[in-house]
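See below for the structure under consideration.
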Amino acid sequence: MNNTDIVRSSLKKRYAKEKRFKAYGILSIGLSLFFLLFLLFDITHKATPAFTQTYINLDIDFSHKNLRLEEKSSYSEKELFNASYRKLTSKALYQLFPEVKDRREKKTLRKLVSSGAQYDLRDLVIANPNYIGTKQSIWILADDDVDTFAKDLIDRNLPEVQRRVKDNQIAWIDHLQAQGKIQKELNTKFLTQGDSREPEQAGIWGALKGSLYVMLLTLILSFPIGVAAAVYLEEFAPKNNWFVDLIEVNINNLAAVPSIVFGILGLAVYINLFGVPRSAPLVGGLVLSLMTLPTIIIATRAALKSVPPSIREAALGVGASKMQVITHHVLPLAMPGILTGSIIGMAQALGESAPLLMIGMVAFVADIPQGFLDPSTVLPVQIFIWADSPERAFIALTSAAIVVLLIFLFLMNLLAIILRKKFETRW
Amino acid sequence: MNDKSEVELLQELGDTVGKPTIEGNPRMSCRNVDVFYNKDSQAIFDVSVDLAKNEILAMIGPSGCGKSTLLRCLNRMNDTIDDCVVKGEIKLDGEDIHSKSIDPVLLRSNVGMVFQKPNPFPKSIYDNVAYGPKLHGLTRNNAELDDLVEESLTKAGLWKETKDRLNKPGTGLSGGQQQRLCIARTMAVKPEVILMDEPTSALDPIATATIEELMYELKSSYTIAVVTHSMQQAARISDRTAYFHLGRLVEVNQTNTVFTNPEHELTENYITGRFG
């Protein structure tokens with residue numbers, strides 16, 4: 001057997017190996033794609049109900065008696081704010097179903113509309129004072145159970161005790177539906193309101209704004225500090241110095257520290273020592289900056305290292321100082337890598353809830369934060385709070401919040417890709 | 001065959017033979033230069049050599065002989081290497097380049113360098129040449145800068161090929177053109193001395209010939225030290241040739257003498273191709 005034969009006999013085996021390896025690769029990519037698509041489909045499917053809300057059309061009597069207002073030509077906003085709106089929807093419902101007399105039955109009837117409806121009516125009257133003393137046909141937000149039922153998410157064939165919606169409620173809903181007095185509208189509250197105990201009143205805007213504040217602060221703090229630290233360590237710090245080595249080892253270790261530890265650190269240092277207000281985006285941003293710093297430093301150092309030494313020599317050769325070499329050549333060339341690392345760190349911070357646990361950002365916050373010092377929560381924490389709530393309608397809200405979080409993440413990545421492309425085409 | 005082995009010759013190696021120093025005022029002079037990488041490994045042993053004005057000094061020798069290291073000492077490029085220690089005296093126009101009054105940045109604007117591999121900045125051709133002058137503020141306005149860029153590119157023999165594509169990236173040029181761009185970039189700072197570290201080793205013979213012609217023309221205005229692996233190149237372009245061996249400067253003589261009648265046996269062995 002000569003060499004050609006030996007080689008030929010081994011060829012088949014070699015190609016088989018290659019084919020097998022390719023198959024493994026395709027298989028793993030296929031699997032991850034399948035899971036990703038399944039996840040996206042599942043979440044969007046579950047989230048769709050949250051994007052519409054059920055409204056019931058009622059004839060509301062804004063008489064002075066019902067509002068408990070004196071009869072006069074005009075009212076101050078404070079007077080309108082303090083007027084009584086509590087009974088308006090109940091009275092309209094009793095009128096619609098006069099046959100309901102029993103006290104307990106009346107109570108279930110009242111519960112067809114959201115308990116927050118009175119506040120919506122209050123805002124409506126304040127915006128339109130001319131309604132006072134008139135009767136208006138108004139679409140009132142339905143209760144979350146009615147909403148869930150109207151979206152066919154509650155099986156009417158179940159025994160009554162296993163249902164959140166009772167038999168008589170179903171009869172009323174069917175009656176209203178037959179009269180065309182029930183309709184679904186786009187859920188505007190979801191993107192404009194803060195959190196609420198009532199699913200139909202709950203919105204993501206508070207948590208979204210909280211996340212925006214926290215991310216902004218994290219970026220402002222960790223990006224410049226991280227890049228500066230990496231540039232110093234990579235370009236200026238003396239090599240083979242035990243202290244520098246110690247710092248290096250510690251930074252690498254910090255990147256692997258469980259995130260909750262950063263929360264404890266934040267609690268001890270920022271809140272207890274410096275007295276930063278708890279639950280505020282300020283302290284959240286500070287803690288998440290700590291967590292993001294090692295990631296940015298490591299990524300930046302790797303990016304700086306990958307800049308070819310020939311470029312540094314060329315710049316030094318025409319008489320650039322060290323700082324000029326770095327700012328004119330090394331940093332711009334390393335920027336795509338730095339941005340990639342930063343976006344990974346930021347994405348990590350965006351999805352983090354454990355360290356925020358320790359600094360009070362897991363509280364139920366109904367108000368929308370107006371600044372870095374207002375109590376607020378963030379998207380992943382909001383998802384957790386909603387997922388933990390018993391009401392059926394929160395399932396859809398949880399998924400919808402996840403969709404919002406994913407869109408947030410997507411936009412952040414998009415920004416990074418655009419910036420990276422910009423830096424790449426400049427060269 | 002030789003009468004003596006290489007090891008024996010090395011052991012006998014004394015002072016540099018030939019004419020390492022020149023009379024009159026040299027542009028650059030090295031006296032008793034030792035270079036250490038780390039504490040224990042010495043790369044250059046007691047080298048003394050002069051560079052005359054407007055001459056081309058070729059530095060030849062087998063790999064690892066220290067010729068590149070010495071070249072990089074001349075504009076303090078070795079400062080950027082940790083643990084590299086240079087001892088001895090190196091002077092530019094009679095001034096010690098290691099003295100406190102001379103900044104490495106200032107020195108490098110007087111002693112330019114062209115590297116083995118063409119290394120244009122990933123920027124436009126224009127920006128590559130304009131970078132140095134901009135850095136040092138050598139021109140007062142854009143018109144002057146434009147003139148300087150044109151002048152430098154013309155001197156490097158690149159103007160005709162690139163005048164219509166000055167805004168295209170310098171990395172898009174061919175290897176030889178890139179190297180000429182690097183030479184233009186070096187000349188734009190108007191140095192007195194240009195150091196070239198194997199400038200043609202990455203180029204094909206035609207591009208090499210162009211660069212060699214260019215070096216010959218540049219001789220009238222600059223002092224050039226060139227490290228080369230090609231003995232033919234050294235013979236073609238240089239006025240004097242220095243032969244290095246294992247960190248020692250063995251022989252410096254007129255190029256003609258070195259290649260026709262070398263004084264030292266090691267030089268003879270190298271140029272006749274017995275080793276290296």
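Letters for chains follow the order of the structure tokens (A, B, ...), residue numbers begin at 1 for each chain, and ligand numbers begin at 1 in the order shown.
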
Apply DSSP to the backbone of this structure and, from segment 141-271 of chain B, keep only the residues in strand (DSSP E); write these as a PyMOL selection string.
chain B and resi 193-197+223-227+240-245+248-254

Same residues, N, CA and C atoms, saved as a short mmCIF file (atom, residue, chain, number, x, y, z; two decimals), in the first residue's frame:
data_model
loop_
_atom_site.label_atom_id
_atom_site.label_comp_id
_atom_site.auth_asym_id
_atom_site.auth_seq_id
_atom_site.Cartn_x
_atom_site.Cartn_y
_atom_site.Cartn_z
N VAL B 193 16.61 62.71 10.66
CA VAL B 193 17.07 61.34 10.48
C VAL B 193 15.84 60.47 10.24
N ILE B 194 15.96 59.51 9.31
CA ILE B 194 14.88 58.54 9.14
C ILE B 194 15.45 57.16 9.41
N LEU B 195 14.80 56.46 10.34
CA LEU B 195 15.21 55.09 10.65
C LEU B 195 14.28 54.15 9.91
N MET B 196 14.86 53.15 9.24
CA MET B 196 14.02 52.21 8.51
C MET B 196 14.34 50.80 8.98
N ASP B 197 13.30 50.13 9.46
CA ASP B 197 13.49 48.78 9.99
C ASP B 197 12.98 47.78 8.96
N THR B 223 19.37 61.95 6.78
CA THR B 223 20.29 60.89 7.15
C THR B 223 19.46 59.64 7.38
N ILE B 224 19.89 58.54 6.79
CA ILE B 224 19.06 57.34 6.87
C ILE B 224 19.84 56.18 7.45
N ALA B 225 19.24 55.52 8.45
CA ALA B 225 19.79 54.26 8.93
C ALA B 225 18.81 53.17 8.57
N VAL B 226 19.27 52.14 7.88
CA VAL B 226 18.34 51.12 7.43
C VAL B 226 18.82 49.74 7.87
N VAL B 227 17.92 49.02 8.50
CA VAL B 227 18.18 47.63 8.85
C VAL B 227 17.68 46.79 7.70
N ARG B 240 27.74 53.31 3.93
CA ARG B 240 28.55 52.48 4.81
C ARG B 240 27.68 51.33 5.29
N THR B 241 28.33 50.25 5.67
CA THR B 241 27.59 49.09 6.14
C THR B 241 28.15 48.66 7.49
N ALA B 242 27.22 48.35 8.41
CA ALA B 242 27.62 47.88 9.73
C ALA B 242 27.19 46.43 9.86
N TYR B 243 28.11 45.57 10.27
CA TYR B 243 27.77 44.17 10.43
C TYR B 243 27.67 43.83 11.92
N PHE B 244 26.51 43.35 12.33
CA PHE B 244 26.27 42.98 13.74
C PHE B 244 26.30 41.47 13.87
N HIS B 245 26.78 41.02 15.03
CA HIS B 245 26.75 39.59 15.29
C HIS B 245 26.51 39.35 16.78
N ARG B 248 26.92 42.23 19.07
CA ARG B 248 28.16 43.01 18.97
C ARG B 248 28.29 43.60 17.58
N LEU B 249 28.81 44.81 17.52
CA LEU B 249 29.07 45.42 16.23
C LEU B 249 30.45 44.96 15.78
N VAL B 250 30.48 44.09 14.75
CA VAL B 250 31.74 43.46 14.35
C VAL B 250 32.57 44.38 13.47
N GLU B 251 31.89 44.98 12.49
CA GLU B 251 32.66 45.73 11.50
C GLU B 251 31.82 46.84 10.89
N VAL B 252 32.40 48.02 10.76
CA VAL B 252 31.76 49.09 10.00
C VAL B 252 32.77 49.59 8.98
N ASN B 253 32.38 49.63 7.71
CA ASN B 253 33.29 50.10 6.67
C ASN B 253 32.47 50.64 5.52
N GLN B 254 33.17 51.26 4.57
CA GLN B 254 32.49 51.64 3.35
C GLN B 254 31.86 50.39 2.76
#

How close does chain B get to chain A? List, as CSV, each residue of chain B within 10 Å, its nearest atom pair and the distance in Å to one decimal, counting only C-alpha atoms.
residue,atom,partner,partner_atom,distance
B:Asn75,CA,A:Gly317,CA,8.2
B:Arg76,CA,A:Gly317,CA,9.6
B:Met77,CA,A:Gly317,CA,7.7
B:Thr80,CA,A:Glu313,CA,9.0
B:Asp82,CA,A:Lys239,CA,7.3
B:Asp83,CA,A:Lys239,CA,9.1
B:Asp103,CA,A:Ser321,CA,10.0
B:Pro104,CA,A:Gly319,CA,7.8
B:Val105,CA,A:Gly319,CA,4.8
B:Leu106,CA,A:Gly319,CA,6.7
B:Leu107,CA,A:Gly319,CA,7.6
B:Arg108,CA,A:Gly319,CA,4.9
B:Ser109,CA,A:Gly319,CA,5.0
B:Asn110,CA,A:Gly319,CA,8.6
B:Val111,CA,A:Gly317,CA,8.2
B:Gly112,CA,A:Gly317,CA,5.9
B:Met113,CA,A:Gly317,CA,5.5
B:Val114,CA,A:Gly317,CA,7.8
B:Phe115,CA,A:Ala314,CA,7.8
B:Gln116,CA,A:Ser310,CA,9.5
B:Lys117,CA,A:Ser310,CA,8.0
B:Pro118,CA,A:Ser310,CA,8.6
B:Asn119,CA,A:Ser310,CA,6.0
B:Pro120,CA,A:Ala314,CA,7.4
B:Phe121,CA,A:Ile311,CA,6.4
B:Pro122,CA,A:Trp427,CA,5.4
B:Lys123,CA,A:Trp427,CA,5.5
B:Ser124,CA,A:Trp427,CA,8.0
B:Asn128,CA,A:Ala315,CA,9.9
B:Val129,CA,A:Val318,CA,9.9
B:Tyr131,CA,A:Val318,CA,8.3
B:Gly132,CA,A:Val318,CA,5.6
B:Pro133,CA,A:Val318,CA,8.9
B:Leu135,CA,A:Ala320,CA,6.9
B:His136,CA,A:Gly319,CA,8.1
B:Lys168,CA,A:Trp427,CA,10.0
B:Pro169,CA,A:Trp427,CA,7.4
B:Gly170,CA,A:Trp427,CA,9.8
B:Thr171,CA,A:Trp427,CA,9.5
B:Cys182,CA,A:Ala314,CA,8.4
B:Arg185,CA,A:Val318,CA,7.6
B:Thr186,CA,A:Val318,CA,6.1
B:Met187,CA,A:Val318,CA,9.0
B:Ala188,CA,A:Val318,CA,8.9
B:Val189,CA,A:Val318,CA,6.9
B:Lys190,CA,A:Val318,CA,9.9
B:Pro191,CA,A:Val318,CA,9.1
B:Leu195,CA,A:Gly317,CA,9.7

I need the residues from that last selection saved to file as an mmCIF file, in the first residue's frame (with C-alpha atoms), if you can.
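Produced file result39.cif, reproduced below:
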data_model
loop_
_atom_site.group_PDB
_atom_site.id
_atom_site.type_symbol
_atom_site.label_atom_id
_atom_site.label_comp_id
_atom_site.auth_asym_id
_atom_site.auth_seq_id
_atom_site.Cartn_x
_atom_site.Cartn_y
_atom_site.Cartn_z
ATOM 1 C CA ASN B 75 14.556 57.453 18.608
ATOM 2 C CA ARG B 76 13.931 55.973 22.066
ATOM 3 C CA MET B 77 11.278 53.608 20.725
ATOM 4 C CA THR B 80 7.768 51.791 25.255
ATOM 5 C CA ASP B 82 8.909 47.463 29.766
ATOM 6 C CA ASP B 83 12.138 46.276 31.355
ATOM 7 C CA ASP B 103 11.593 64.896 25.341
ATOM 8 C CA PRO B 104 11.021 61.592 23.531
ATOM 9 C CA VAL B 105 8.137 63.203 21.636
ATOM 10 C CA LEU B 106 10.449 65.978 20.426
ATOM 11 C CA LEU B 107 13.147 63.456 19.574
ATOM 12 C CA ARG B 108 10.761 61.350 17.522
ATOM 13 C CA SER B 109 9.699 64.354 15.503
ATOM 14 C CA ASN B 110 13.398 64.789 14.600
ATOM 15 C CA VAL B 111 14.134 61.110 14.152
ATOM 16 C CA GLY B 112 11.342 59.495 12.161
ATOM 17 C CA MET B 113 10.820 55.782 11.759
ATOM 18 C CA VAL B 114 9.534 53.485 9.024
ATOM 19 C CA PHE B 115 8.599 50.007 10.121
ATOM 20 C CA GLN B 116 9.010 46.546 8.704
ATOM 21 C CA LYS B 117 5.339 46.024 7.981
ATOM 22 C CA PRO B 118 3.551 48.937 6.317
ATOM 23 C CA ASN B 119 1.375 50.329 9.095
ATOM 24 C CA PRO B 120 -0.755 53.173 7.768
ATOM 25 C CA PHE B 121 -3.397 54.435 10.161
ATOM 26 C CA PRO B 122 -6.863 53.166 9.298
ATOM 27 C CA LYS B 123 -7.696 56.641 8.053
ATOM 28 C CA SER B 124 -7.714 58.412 4.703
ATOM 29 C CA ASN B 128 -2.255 59.664 7.327
ATOM 30 C CA VAL B 129 0.198 62.231 6.016
ATOM 31 C CA TYR B 131 -1.459 63.499 11.178
ATOM 32 C CA GLY B 132 2.097 64.345 12.218
ATOM 33 C CA PRO B 133 2.054 68.002 11.133
ATOM 34 C CA LEU B 135 -0.051 66.899 15.954
ATOM 35 C CA HIS B 136 2.867 69.281 16.211
ATOM 36 C CA LYS B 168 -9.834 56.927 0.390
ATOM 37 C CA PRO B 169 -8.481 54.827 3.269
ATOM 38 C CA GLY B 170 -4.714 54.384 3.317
ATOM 39 C CA THR B 171 -5.183 50.702 4.115
ATOM 40 C CA CYS B 182 4.365 55.539 5.671
ATOM 41 C CA ARG B 185 3.939 60.291 6.744
ATOM 42 C CA THR B 186 7.387 60.252 8.336
ATOM 43 C CA MET B 187 8.717 62.969 6.041
ATOM 44 C CA ALA B 188 5.734 65.253 6.642
ATOM 45 C CA VAL B 189 7.092 65.940 10.144
ATOM 46 C CA LYS B 190 10.380 67.052 8.514
ATOM 47 C CA PRO B 191 12.784 64.940 10.563
ATOM 48 C CA LEU B 195 15.214 55.091 10.646
#

For atom CA of Val307 of chain A and atom CA of Val227 of chain A, the interatomic separation in Å (one decimal)
15.1 Å

Suppose you want the space between atom CA of Phe38 of chain A and atom CA of Leu409 of chain A; what is it in Å?
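Result for atom CA of Phe38 of chain A versus atom CA of Leu409 of chain A: 18.6 Å, one decimal.
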
Would you mind telling me which residue in A:Ala416, A:Ile402, A:Ala228, A:Val381 lies nearest to Leu357 of chain A when using only C-alpha atoms?
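Smallest separation from Leu357 of chain A among the options: A:Val381.
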
Selected residue, from A:Ser114, A:Ser9, A:Leu191, A:Leu379, that lies nearest to Phe408 of chain A when counting only C-alpha atoms:
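Residue with the minimum atom-to-atom distance to Phe408 of chain A: A:Leu379.
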
B:Gly172, B:Pro20, B:Pro26, B:Gly157 ranked by distance to Val47 of chain B, top pick (using only C-alpha atoms)
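Closest to Val47 of chain B, using only C-alpha atoms: B:Pro20.
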
Contacts of segment 335-345 of chain A at 7 Å (only C-alpha atoms; same-chain gap of 6+ positions) as a ChimeraX atom specification
/A:292,295-296,299-300,303,413,416,420,423

Save out the residues we just selected, N, CA and C atoms, as a compact mmCIF listing (two decimals), in the first residue's frame.
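Generated file (out12.txt):
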# COMPACT_ATOMS: atom_id res chain seq x y z
N THR A 292 -21.83 46.62 37.06
CA THR A 292 -21.49 46.67 35.63
C THR A 292 -20.02 46.99 35.39
N THR A 295 -17.48 44.21 34.28
CA THR A 295 -17.75 43.75 32.92
C THR A 295 -17.18 44.73 31.91
N ILE A 296 -17.44 46.03 32.13
CA ILE A 296 -16.96 47.04 31.18
C ILE A 296 -15.44 47.10 31.19
N ALA A 299 -14.03 44.01 29.35
CA ALA A 299 -14.27 44.10 27.90
C ALA A 299 -13.38 45.17 27.27
N THR A 300 -13.25 46.31 27.97
CA THR A 300 -12.45 47.40 27.42
C THR A 300 -10.98 47.00 27.33
N ALA A 303 -10.50 44.82 24.43
CA ALA A 303 -10.57 45.59 23.18
C ALA A 303 -9.29 46.39 22.97
N ASN A 413 -29.80 47.44 22.46
CA ASN A 413 -28.87 46.73 21.58
C ASN A 413 -28.77 47.42 20.23
N ALA A 416 -26.56 50.33 20.42
CA ALA A 416 -25.15 49.92 20.46
C ALA A 416 -24.67 49.52 19.07
N ARG A 420 -21.78 51.27 16.97
CA ARG A 420 -20.63 50.47 16.54
C ARG A 420 -20.40 50.61 15.06
N PHE A 423 -18.72 53.85 14.28
CA PHE A 423 -17.29 53.87 14.55
C PHE A 423 -16.53 53.04 13.53

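Within the 9 Å cut-off around Glu151 of chain B, using only C-alpha atoms and omitting residues fewer than 5 positions from it on the same chain, the listed residues are B:Asp146, B:Ala156, B:Trp159, B:Ala184, B:Ala188.
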
Which residue of A:Lys151, A:Gly226, A:Leu267, A:Gly371 approaches Lys46 of chain A most closely, using only C-alpha atoms:
A:Lys151

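Non-sequential neighbours of Asp195 of chain A (distance at most 6 Å, separation of 2 or more positions within a chain, only C-alpha atoms) are A:Ala202, A:Gly203, A:Ala366.
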
Output C-alpha atoms for every residue in the selection just made, as a PDB file, in the first residue's frame.
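part_37.pdb, freshly written:
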ATOM      1  CA  ALA A 202     -52.193  48.613  36.647  1.00  0.00           C
ATOM      2  CA  GLY A 203     -49.666  50.033  34.191  1.00  0.00           C
ATOM      3  CA  ALA A 366     -48.110  53.200  42.584  1.00  0.00           C
TER       4      ALA A 366
END
